[in-house]
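For reference, run-v8.txt (compact mmCIF, C-alpha atoms):
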```txt
# COMPACT_ATOMS: atom_id res chain seq x y z
CA MET A 104 134.82 100.56 120.49
CA GLN A 105 132.70 102.58 118.06
CA THR A 106 133.23 99.98 115.29
CA GLN A 107 132.34 97.07 117.59
CA SER A 108 129.17 98.87 118.75
CA THR A 109 128.15 99.56 115.14
CA THR A 110 128.77 95.91 114.17
CA THR A 111 126.68 94.68 117.12
CA SER A 112 123.86 97.08 116.22
CA SER A 113 123.92 95.86 112.60
CA ALA A 114 123.85 92.21 113.72
CA ASP A 115 120.88 92.95 116.01
CA LYS A 116 118.99 94.47 113.09
CA MET A 117 119.56 91.32 111.04
CA LYS A 118 118.06 89.07 113.72
CA TRP A 119 114.74 87.56 112.66
CA SER A 120 111.80 89.45 114.16
CA ALA A 121 108.04 88.98 114.45
CA GLN A 122 107.62 91.72 111.81
CA ASP A 123 109.79 89.71 109.41
CA THR A 124 107.58 86.66 109.95
CA THR A 125 104.53 88.79 109.25
CA TRP A 126 105.99 90.02 105.95
CA MET A 127 107.04 86.48 104.99
CA LEU A 128 103.46 85.27 105.56
CA SER A 129 102.05 88.25 103.65
CA LEU A 130 104.25 87.50 100.62
CA PHE A 131 103.34 83.80 100.90
CA GLY A 132 99.65 84.77 100.99
CA THR A 133 100.05 87.01 97.92
CA ALA A 134 101.57 84.12 95.96
CA VAL A 135 99.15 81.42 97.09
CA GLY A 136 95.94 82.60 95.42
CA ALA A 137 93.02 80.49 94.29
CA GLY A 138 95.25 79.17 91.50
CA ILE A 139 96.77 76.68 93.94
CA LEU A 140 93.54 74.68 93.70
CA PHE A 141 94.21 74.13 89.98
CA LEU A 142 98.02 73.96 90.20
CA PRO A 143 98.30 70.18 90.88
CA ILE A 144 96.12 69.48 87.82
CA ASN A 145 97.88 71.94 85.50
CA ALA A 146 101.41 71.07 86.66
CA GLY A 147 100.91 67.31 87.08
CA LEU A 148 98.86 66.62 83.97
CA ASN A 149 101.92 65.88 81.84
CA GLY A 150 103.50 63.37 84.18
CA PHE A 151 105.48 63.05 87.39
CA TRP A 152 109.05 63.41 86.12
CA PRO A 153 108.65 66.85 84.49
CA LEU A 154 107.09 67.92 87.80
CA VAL A 155 110.29 66.85 89.63
CA ALA A 156 112.37 68.98 87.25
CA LEU A 157 110.01 71.92 87.77
CA ALA A 158 110.30 71.56 91.55
CA ILE A 159 114.10 71.78 91.26
CA LEU A 160 113.89 74.91 89.07
CA VAL A 161 111.09 76.84 90.75
CA GLY A 162 112.86 77.54 94.08
CA PRO A 163 115.86 79.41 92.58
CA MET A 164 113.58 81.03 89.97
CA THR A 165 111.23 82.39 92.62
CA TYR A 166 113.90 83.68 94.99
CA LEU A 167 116.30 85.17 92.43
CA ALA A 168 113.59 86.89 90.35
CA HIS A 169 111.88 88.49 93.37
CA ARG A 170 115.26 89.44 94.85
CA GLY A 171 116.08 91.21 91.58
CA LEU A 172 112.80 93.16 91.65
CA ALA A 173 113.32 94.13 95.31
CA ARG A 174 116.85 95.32 94.52
CA PHE A 175 115.44 97.38 91.65
CA VAL A 176 112.95 99.13 93.99
CA LEU A 177 115.68 99.66 96.61
CA SER A 178 118.10 101.14 94.02
CA SER A 179 116.41 104.56 94.01
CA LYS A 180 118.34 107.60 95.17
CA LYS A 181 115.10 108.79 96.79
CA PRO A 182 114.22 106.53 99.77
CA GLY A 183 110.53 105.64 99.93
CA SER A 184 110.04 105.56 96.14
CA ASP A 185 107.63 102.90 94.87
CA ILE A 186 108.25 100.85 91.72
CA THR A 187 106.51 103.34 89.41
CA GLU A 188 108.75 106.18 90.64
CA VAL A 189 111.91 104.05 90.41
CA VAL A 190 111.09 103.12 86.79
CA GLU A 191 110.77 106.80 85.88
CA GLU A 192 113.96 107.68 87.75
CA HIS A 193 116.01 105.03 85.93
CA PHE A 194 114.42 104.91 82.46
CA GLY A 195 112.93 108.39 81.98
CA ALA A 196 109.42 109.86 81.94
CA THR A 197 108.14 108.19 78.74
CA ALA A 198 109.34 104.69 79.67
CA GLY A 199 108.09 105.35 83.20
CA LYS A 200 104.57 106.07 81.94
CA LEU A 201 104.54 103.02 79.66
CA ILE A 202 105.84 100.52 82.26
CA THR A 203 103.54 101.95 84.95
CA LEU A 204 100.57 101.52 82.61
CA LEU A 205 101.59 97.93 81.79
CA TYR A 206 102.24 97.18 85.49
CA PHE A 207 98.73 98.35 86.38
CA PHE A 208 97.00 96.42 83.59
CA ALA A 209 98.92 93.25 84.49
CA ILE A 210 97.79 93.30 88.15
CA TYR A 211 94.42 95.08 88.14
CA PRO A 212 92.54 92.31 86.21
CA ILE A 213 93.66 89.82 88.89
CA VAL A 214 92.03 92.06 91.53
CA LEU A 215 88.81 91.86 89.47
CA ILE A 216 89.20 88.08 89.18
CA TYR A 217 89.42 87.80 92.97
CA GLY A 218 86.25 89.89 93.31
CA VAL A 219 84.47 87.35 91.09
CA GLY A 220 86.18 84.40 92.79
CA ILE A 221 85.29 85.38 96.36
CA THR A 222 81.64 85.95 95.38
CA ASN A 223 81.38 82.57 93.63
CA THR A 224 83.14 80.74 96.47
CA VAL A 225 80.98 82.18 99.25
CA ASP A 226 77.76 81.79 97.24
CA SER A 227 78.57 78.13 96.47
CA PHE A 228 79.46 77.44 100.12
CA MET A 229 76.23 79.03 101.37
CA VAL A 230 74.08 77.03 98.95
CA ASN A 231 75.86 73.65 98.82
CA GLN A 232 77.41 73.27 102.27
CA LEU A 233 75.18 75.41 104.51
CA GLY A 234 71.89 74.80 102.66
CA MET A 235 71.04 78.52 102.53
CA GLU A 236 69.37 80.54 99.79
CA SER A 237 71.62 82.61 97.50
CA LEU A 238 71.78 86.29 98.34
CA PRO A 239 71.30 88.67 95.39
CA ARG A 240 74.70 88.65 93.66
CA ALA A 241 75.03 92.46 93.74
CA VAL A 242 74.46 92.48 97.52
CA LEU A 243 76.80 89.56 98.32
CA SER A 244 79.62 90.89 96.13
CA ILE A 245 79.59 94.41 97.60
CA ILE A 246 79.59 93.04 101.17
CA LEU A 247 82.61 90.83 100.45
CA ILE A 248 84.53 93.47 98.45
CA MET A 249 83.92 96.13 101.11
CA GLY A 250 85.04 93.65 103.78
CA MET A 251 88.36 93.06 102.00
CA MET A 252 88.85 96.75 101.17
CA SER A 253 88.12 97.84 104.76
CA VAL A 254 91.17 95.86 105.92
CA MET A 255 93.35 97.62 103.33
CA LEU A 256 91.97 101.03 104.25
CA ALA A 257 92.73 100.42 107.94
CA GLY A 258 96.44 100.45 107.09
CA GLU A 259 99.50 98.27 106.56
CA LYS A 260 99.70 96.98 110.16
CA LEU A 261 96.14 95.62 110.22
CA MET A 262 96.51 94.17 106.72
CA LEU A 263 99.65 92.30 107.78
CA LYS A 264 97.94 91.03 110.96
CA VAL A 265 94.87 89.82 109.05
CA THR A 266 97.08 88.16 106.43
CA GLN A 267 99.04 86.43 109.18
CA PHE A 268 95.75 85.27 110.75
CA LEU A 269 94.60 83.89 107.36
CA VAL A 270 97.85 82.31 106.20
CA TYR A 271 98.39 80.11 109.28
CA PRO A 272 95.21 78.06 108.65
CA LEU A 273 96.03 77.99 104.91
CA VAL A 274 99.45 76.48 105.62
CA ALA A 275 97.94 74.08 108.17
CA ILE A 276 95.27 72.89 105.70
CA LEU A 277 97.79 72.46 102.87
CA LEU A 278 100.05 70.40 105.16
CA PHE A 279 97.13 68.39 106.54
CA MET A 280 95.76 67.63 103.05
CA SER A 281 99.23 66.62 101.82
CA ILE A 282 99.56 64.10 104.67
CA TYR A 283 95.88 63.02 104.50
CA LEU A 284 96.33 61.92 100.88
CA ILE A 285 99.49 59.81 101.50
CA PRO A 286 97.57 56.50 101.98
CA ASP A 287 96.03 57.05 98.50
CA TRP A 288 99.37 57.51 96.75
CA ASN A 289 99.80 55.27 93.72
CA MET A 290 102.82 54.84 91.51
CA SER A 291 101.05 55.06 88.14
CA ALA A 292 102.36 58.61 87.59
CA LEU A 293 105.95 57.38 88.09
CA GLN A 294 105.52 54.77 85.36
CA GLN A 295 104.62 57.45 82.80
CA ILE A 296 108.07 58.02 81.24
CA PRO A 297 108.02 60.75 78.56
CA THR A 298 110.38 60.89 75.59
CA ALA A 299 113.14 63.52 75.72
CA GLY A 300 111.19 65.73 73.30
CA ASP A 301 107.94 65.42 75.26
CA PHE A 302 109.83 66.02 78.52
CA MET A 303 111.34 69.30 77.28
CA THR A 304 108.05 70.48 75.73
CA THR A 305 106.18 69.70 78.95
CA LEU A 306 108.83 71.54 80.96
CA TRP A 307 108.59 74.55 78.63
CA ILE A 308 104.81 74.94 78.69
CA SER A 309 104.55 74.16 82.45
CA ILE A 310 107.05 76.80 83.64
CA PRO A 311 104.52 79.69 83.46
CA VAL A 312 102.09 77.68 85.62
CA LEU A 313 104.63 77.52 88.43
CA VAL A 314 105.97 81.05 87.88
CA PHE A 315 102.53 82.52 88.52
CA ALA A 316 101.63 80.08 91.29
CA PHE A 317 104.71 81.36 93.17
CA ASN A 318 104.46 85.00 92.02
CA HIS A 319 104.34 87.64 94.79
CA SER A 320 105.68 90.52 92.69
CA PRO A 321 102.60 92.79 93.21
CA ALA A 322 103.56 93.14 96.90
CA ILE A 323 107.34 93.52 96.36
CA SER A 324 107.30 97.31 95.94
CA ALA A 325 105.37 97.94 99.19
CA PHE A 326 107.51 95.28 100.92
CA SER A 327 110.79 96.89 99.78
CA MET A 328 109.63 100.35 100.83
CA ALA A 329 108.75 98.98 104.29
CA GLN A 330 112.24 97.45 104.63
CA THR A 331 113.84 100.81 103.72
CA ARG A 332 111.68 102.51 106.35
CA ASP A 333 112.41 99.94 109.07
CA TYR A 334 116.02 98.92 108.33
CA GLY A 335 117.62 101.80 106.39
CA ASP A 336 121.03 100.74 105.04
CA ASN A 337 120.31 97.12 105.97
CA ALA A 338 117.12 97.06 103.84
CA GLU A 339 118.62 94.96 101.04
CA ARG A 340 120.10 92.31 103.36
CA LYS A 341 116.84 92.09 105.29
CA SER A 342 114.80 91.88 102.07
CA ASN A 343 117.01 89.03 100.82
CA GLN A 344 116.59 87.22 104.12
CA ILE A 345 112.79 87.47 104.08
CA LEU A 346 112.49 86.63 100.38
CA PHE A 347 114.73 83.56 100.78
CA ARG A 348 112.54 82.19 103.58
CA THR A 349 109.35 83.05 101.68
CA SER A 350 110.61 81.10 98.64
CA GLY A 351 111.56 78.17 100.87
CA MET A 352 108.15 78.20 102.53
CA LEU A 353 106.39 78.30 99.15
CA LEU A 354 108.55 75.50 97.79
CA GLY A 355 108.03 73.30 100.84
CA PHE A 356 104.29 73.63 101.44
CA VAL A 357 103.00 74.22 97.91
CA MET A 358 105.10 71.57 96.16
CA LEU A 359 104.36 68.99 98.88
CA PHE A 360 100.66 69.64 98.28
CA VAL A 361 101.12 69.38 94.49
CA PHE A 362 103.11 66.14 94.68
CA SER A 363 100.66 64.59 97.15
CA CYS A 364 97.67 65.45 94.93
CA VAL A 365 99.40 64.19 91.76
CA LEU A 366 100.49 60.92 93.42
CA SER A 367 96.99 60.28 94.81
CA LEU A 368 95.41 60.62 91.35
CA THR A 369 96.08 58.72 88.13
CA PRO A 370 96.99 60.56 84.89
CA ALA A 371 93.44 59.73 83.71
CA ASP A 372 91.98 61.37 86.86
CA LEU A 373 94.02 64.53 86.24
CA ALA A 374 92.85 64.66 82.62
CA GLU A 375 89.23 64.24 83.74
CA ALA A 376 89.57 66.99 86.36
CA LYS A 377 91.06 69.27 83.70
CA ALA A 378 88.18 68.48 81.31
CA GLN A 379 85.62 69.21 84.04
CA ASN A 380 87.46 72.46 84.99
CA LEU A 381 87.34 71.40 88.65
CA ALA A 382 89.64 72.52 91.44
CA VAL A 383 91.71 69.62 92.78
CA LEU A 384 89.97 69.53 96.18
CA SER A 385 86.56 69.47 94.49
CA TYR A 386 87.64 66.55 92.31
CA LEU A 387 89.10 64.68 95.31
CA ALA A 388 85.91 65.30 97.33
CA ASN A 389 83.81 63.84 94.49
CA LYS A 390 86.15 60.88 94.00
CA HIS A 391 86.34 59.98 97.68
CA GLU A 392 82.74 61.08 98.43
CA SER A 393 84.24 62.97 101.35
CA PRO A 394 82.12 65.76 102.89
CA PHE A 395 85.22 66.63 104.93
CA ILE A 396 87.21 67.57 101.80
CA SER A 397 84.16 69.26 100.25
CA TYR A 398 84.08 71.62 103.27
CA LEU A 399 87.85 72.19 103.20
CA GLY A 400 87.85 73.13 99.49
CA PRO A 401 85.76 76.32 99.81
CA ILE A 402 87.60 77.30 103.02
CA VAL A 403 91.00 77.02 101.29
CA ALA A 404 89.67 78.95 98.28
CA PHE A 405 88.24 81.71 100.52
CA VAL A 406 91.43 82.12 102.57
CA ALA A 407 93.68 81.96 99.49
CA ILE A 408 91.62 84.56 97.59
CA VAL A 409 91.45 87.05 100.49
CA SER A 410 95.17 86.81 101.36
CA SER A 411 96.19 87.11 97.71
CA PHE A 412 93.75 90.00 97.11
CA PHE A 413 95.65 92.16 99.62
CA GLY A 414 99.01 91.85 97.83
CA HIS A 415 97.49 92.36 94.38
CA TYR A 416 95.51 95.40 95.54
CA MET A 417 98.78 96.99 96.77
CA GLY A 418 100.27 96.54 93.30
CA ALA A 419 97.16 97.80 91.48
CA ARG A 420 96.96 100.85 93.78
CA GLU A 421 100.60 101.72 93.10
CA GLY A 422 100.04 101.34 89.37
CA LEU A 423 96.91 103.50 89.20
CA ASN A 424 98.32 106.14 91.54
CA GLY A 425 101.50 106.20 89.41
CA ILE A 426 99.52 106.69 86.18
CA ILE A 427 97.51 109.60 87.68
CA ILE A 428 100.58 111.27 89.26
CA LYS A 429 102.58 111.08 86.03
CA GLN A 430 99.68 112.57 84.03
CA LEU A 431 99.25 115.44 86.51
CA ARG A 432 102.97 116.22 86.57
CA SER A 433 103.25 116.18 82.78
CA ARG A 434 100.48 118.81 82.67
CA GLY A 435 102.14 120.89 85.40
CA LYS A 436 99.28 120.30 87.86
CA GLN A 437 99.54 119.89 91.63
CA VAL A 438 99.53 116.35 93.04
CA ASN A 439 97.10 115.81 95.94
CA MET A 440 97.84 112.29 97.26
CA LYS A 441 94.77 112.19 99.52
CA LYS A 442 92.42 112.81 96.57
CA ILE A 443 94.30 110.34 94.36
CA ASP A 444 94.09 107.64 97.05
CA MET A 445 90.36 108.27 97.47
CA PHE A 446 89.80 107.99 93.72
CA THR A 447 91.83 104.74 93.52
CA VAL A 448 89.84 103.17 96.38
CA ALA A 449 86.50 104.19 94.83
CA PHE A 450 87.60 102.98 91.38
CA VAL A 451 88.66 99.53 92.65
CA ILE A 452 85.52 99.06 94.76
CA ILE A 453 83.08 100.12 92.02
CA THR A 454 84.74 98.23 89.15
CA SER A 455 85.27 95.08 91.27
CA TRP A 456 81.62 95.20 92.34
CA ILE A 457 80.35 95.63 88.75
CA VAL A 458 82.53 92.79 87.40
CA ALA A 459 81.70 90.47 90.34
CA THR A 460 77.98 91.13 89.78
CA ILE A 461 78.18 90.50 86.02
CA ASN A 462 80.39 87.39 86.56
CA PRO A 463 81.96 87.32 83.05
CA SER A 464 83.86 84.30 81.75
CA ILE A 465 86.40 86.41 79.81
CA LEU A 466 88.54 87.02 82.92
CA GLY A 467 90.75 83.96 82.29
CA MET A 468 91.80 85.43 78.97
CA ILE A 469 92.54 88.81 80.58
CA GLU A 470 94.74 87.03 83.15
CA SER A 471 96.61 85.28 80.31
CA LEU A 472 97.24 88.62 78.60
CA GLY A 473 98.71 89.99 81.85
CA GLY A 474 101.08 87.02 82.12
CA PRO A 475 103.82 88.17 79.72
CA ILE A 476 103.81 91.66 81.30
CA ILE A 477 104.28 90.30 84.83
CA ALA A 478 107.05 87.96 83.61
CA THR A 479 108.78 90.89 81.86
CA ILE A 480 108.60 93.13 84.94
CA LEU A 481 109.62 90.37 87.36
CA PHE A 482 112.39 88.63 85.37
CA ILE A 483 113.60 90.87 82.54
CA MET A 484 113.37 94.47 83.78
CA PRO A 485 115.64 94.07 86.88
CA MET A 486 118.24 92.19 84.79
CA TYR A 487 118.14 94.93 82.13
CA ALA A 488 118.55 97.51 84.90
CA ILE A 489 121.72 95.73 86.13
CA LYS A 490 123.25 96.44 82.70
CA LYS A 491 121.98 100.00 82.30
CA VAL A 492 121.51 101.59 85.77
CA PRO A 493 124.73 102.71 87.56
CA SER A 494 123.36 102.00 91.06
CA MET A 495 122.58 98.39 90.06
CA GLN A 496 125.76 97.56 88.14
CA LYS A 497 127.34 96.20 91.36
CA TYR A 498 125.07 93.15 90.90
CA GLY A 499 126.48 92.41 87.42
CA GLY A 500 128.63 89.49 86.31
CA LYS A 501 126.71 86.78 88.20
CA ALA A 502 125.58 83.45 86.76
CA SER A 503 122.26 83.96 88.57
CA ASN A 504 121.50 86.92 86.26
CA ILE A 505 121.84 84.68 83.17
CA PHE A 506 119.61 82.07 84.83
CA VAL A 507 116.86 84.62 85.67
CA THR A 508 116.98 86.19 82.19
CA PHE A 509 116.83 82.79 80.49
CA MET A 510 113.94 81.52 82.65
CA GLY A 511 112.08 84.80 82.12
CA LEU A 512 112.39 84.45 78.34
CA VAL A 513 111.30 80.79 78.57
CA ALA A 514 108.24 81.77 80.65
CA ILE A 515 107.25 84.58 78.26
CA SER A 516 107.70 82.41 75.16
CA ALA A 517 105.65 79.59 76.71
CA ILE A 518 102.85 81.97 77.75
CA MET A 519 102.72 83.44 74.27
CA TYR A 520 102.72 79.94 72.73
CA GLY A 521 99.90 78.86 75.06
CA PHE A 522 97.87 81.95 74.18
CA ILE A 523 98.31 81.51 70.41
CA ALA A 524 97.78 77.75 70.50
```
For the file at hand, write its structure as structure tokens.
Amino acid sequence: MQTQSTTTSSADKMKWSAQDTTWMLSLFGTAVGAGILFLPINAGLNGFWPLVALAILVGPMTYLAHRGLARFVLSSKKPGSDITEVVEEHFGATAGKLITLLYFFAIYPIVLIYGVGITNTVDSFMVNQLGMESLPRAVLSIILIMGMMSVMLAGEKLMLKVTQFLVYPLVAILLFMSIYLIPDWNMSALQQIPTAGDFMTTLWISIPVLVFAFNHSPAISAFSMAQTRDYGDNAERKSNQILFRTSGMLLGFVMLFVFSCVLSLTPADLAEAKAQNLAVLSYLANKHESPFISYLGPIVAFVAIVSSFFGHYMGAREGLNGIIIKQLRSRGKQVNMKKIDMFTVAFVIITSWIVATINPSILGMIESLGGPIIATILFIMPMYAIKKVPSMQKYGGKASNIFVTFMGLVAISAIMYGFIA
């Protein structure tokens, strides 16, 4: 009777709950940043058929890589450890400091980018759509940054609720736009048949575009810790369940949007949009002279930036807190988490405000530099840990590990090639 009761209790815990939906939407929101507005152009520029191959690859890549990172966080002997603590536990203090530093500098610039992006988006909407005067940039940026940070400071529950509130309209708009564009589909993209060499090159250099469009690794540590807290021994199974559905949701809604945009534009249109550095909705609004799409574009950008900001802030906070804690411990000083948290909040607000006010153009390059680090942490580190860490060796000997390692190396090599070229 005891065994049957335990089995029933375990099955109940694995039932899908409202909290699981909330986490799925939060991870979806972290992945779908403002980059989705450029994704159809970047991914579709080199033809339709490489895009089909990418769509087949990106689902397993997204799920298996994020599952590996979640397993890595959950592998700690100390429940409640974040990714920076798990790295130190498995690889030692020196490697822990180095990877924590790299982790922070891969994610933190994206937080700054979103500070700039939200200011530009709201300012443009106020001027072009609402016919208002621009607010002083320093005033507008601090209002918006404080608004986003206030949600994070109110705690995990409110952040998840706000993300859920934001992601529903984002999904609805993506689906609506995908269907809205169907009458404009043309088959010119299908007629563009690349040579085998061009096909493989296009596939190679396009993989990083999709990896980072689907990337929700900055929120994985906080997500995994929450599953440990809520599900205990069932944390890994529950994490896998949520991550699988998140990957499916990303694949379904994002790739439908990408395909619909690519099929409604000619290869020449995509090249022109790329040359003009326009988001896809902006280009479509100009082409169709549609005020409807011109209003939707800024709304999608606003919602995507805010929802993605939350997940990236969680990663940046973990990274900076980890750096400070490791420095204090190495000097034998006491760790006061309340003071560290206060410093991290102040640091992010002040630096985001300064960068958003200055509005530099160098941020794209900073994001590119962070790319190889994120790919290494997401794809390579968990696979390396399976070989080296006793608590993770139970995941060894799977074909999926070879696939993740290979795709991670492909992504890193393509990013490096793109940066050099």
Contact check, range 211-242 of chain A to range 131-141 of chain A, at most 12 Å, counting only C-alpha atoms, closest pairs as JSON lines:
```
{"residue": "A:Ile213", "atom": "CA", "partner": "A:Gly136", "partner_atom": "CA", "distance": 10.0}
{"residue": "A:Val214", "atom": "CA", "partner": "A:Gly136", "partner_atom": "CA", "distance": 11.0}
{"residue": "A:Ile216", "atom": "CA", "partner": "A:Ala137", "partner_atom": "CA", "distance": 9.9}
{"residue": "A:Tyr217", "atom": "CA", "partner": "A:Ala137", "partner_atom": "CA", "distance": 8.3}
{"residue": "A:Gly218", "atom": "CA", "partner": "A:Ala137", "partner_atom": "CA", "distance": 11.6}
{"residue": "A:Val219", "atom": "CA", "partner": "A:Ala137", "partner_atom": "CA", "distance": 11.4}
{"residue": "A:Gly220", "atom": "CA", "partner": "A:Ala137", "partner_atom": "CA", "distance": 8.0}
{"residue": "A:Ile221", "atom": "CA", "partner": "A:Ala137", "partner_atom": "CA", "distance": 9.4}
{"residue": "A:Asn223", "atom": "CA", "partner": "A:Ala137", "partner_atom": "CA", "distance": 11.8}
{"residue": "A:Thr224", "atom": "CA", "partner": "A:Ala137", "partner_atom": "CA", "distance": 10.1}
```
Can you spit out the residues from that selection as a PDB file, keeping the file's coordinate frame, using C-alpha atoms?
```
ATOM      1  CA  ILE A 213      93.660  89.820  88.890  1.00  0.00           C
ATOM      2  CA  VAL A 214      92.030  92.060  91.530  1.00  0.00           C
ATOM      3  CA  ILE A 216      89.200  88.080  89.180  1.00  0.00           C
ATOM      4  CA  TYR A 217      89.420  87.800  92.970  1.00  0.00           C
ATOM      5  CA  GLY A 218      86.250  89.890  93.310  1.00  0.00           C
ATOM      6  CA  VAL A 219      84.470  87.350  91.090  1.00  0.00           C
ATOM      7  CA  GLY A 220      86.180  84.400  92.790  1.00  0.00           C
ATOM      8  CA  ILE A 221      85.290  85.380  96.360  1.00  0.00           C
ATOM      9  CA  ASN A 223      81.380  82.570  93.630  1.00  0.00           C
ATOM     10  CA  THR A 224      83.140  80.740  96.470  1.00  0.00           C
TER      11      THR A 224
END
```
Could you check the closest approach to Leu256 in chain A for each of A:Ser455, A:Ser503, A:Ser410, A:Thr447 and tell me which residue wins, using all atoms listed in the file?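 Ranking A:Ser455, A:Ser503, A:Ser410, A:Thr447 by distance to Leu256 in chain A, first place goes to A:Thr447.
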Can you pull out every residue within 12 Å of range 287-289 of chain A, counting only C-alpha atoms, but drop anything in the same chain fewer than 6 positions away, and send it as a ChimeraX atom specification? /A:151,280-281,362-370,387,390-391
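You can rank A:Gly351, A:Ala478, A:Asp444, A:Lys491 by their closest distance to Val312 in chain A using all atoms listed in the file, and at the top of that list sits A:Ala478.
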Neighbour list for range 198-200 of chain A as a VMD selection string, cut-off 12 Å, only C-alpha atoms, skip fewer than 5 positions in-chain: chain A and resid 185 to 193 205 to 207 422 to 433 484
Counting all atoms listed in the file, which residues in range 358-460 of chain A sit no more than 7 Å from range 244-248 of chain A? For each one, give the nearest pair of atoms and the distance in Å, sorted by chain then residue number, as JSON lines.
```
{"residue": "A:Ile452", "atom": "CA", "partner": "A:Ile248", "partner_atom": "CA", "distance": 6.8}
{"residue": "A:Trp456", "atom": "CA", "partner": "A:Ile245", "partner_atom": "CA", "distance": 5.7}
{"residue": "A:Ala459", "atom": "CA", "partner": "A:Ser244", "partner_atom": "CA", "distance": 6.2}
{"residue": "A:Thr460", "atom": "CA", "partner": "A:Ser244", "partner_atom": "CA", "distance": 6.6}
```
Near-Asp226 in chain A list (8 Å; all atoms listed in the file; drop same-chain fewer than 5 positions) as an MDAnalysis selection string: chainID A and resid 237:238 243
Determine the nearest neighbour of Ser129 in chain A from the options A:Val492, A:Met417, A:Met252, A:Ala146, counting all atoms listed in the file.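 For Ser129 in chain A, the nearest of the candidates is A:Met417.
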Could you check the closest approach to Pro153 in chain A for each of A:Pro485, A:Ile310, A:Ser411, A:Phe268 and tell me which residue wins, using all atoms listed in the file? A:Ile310
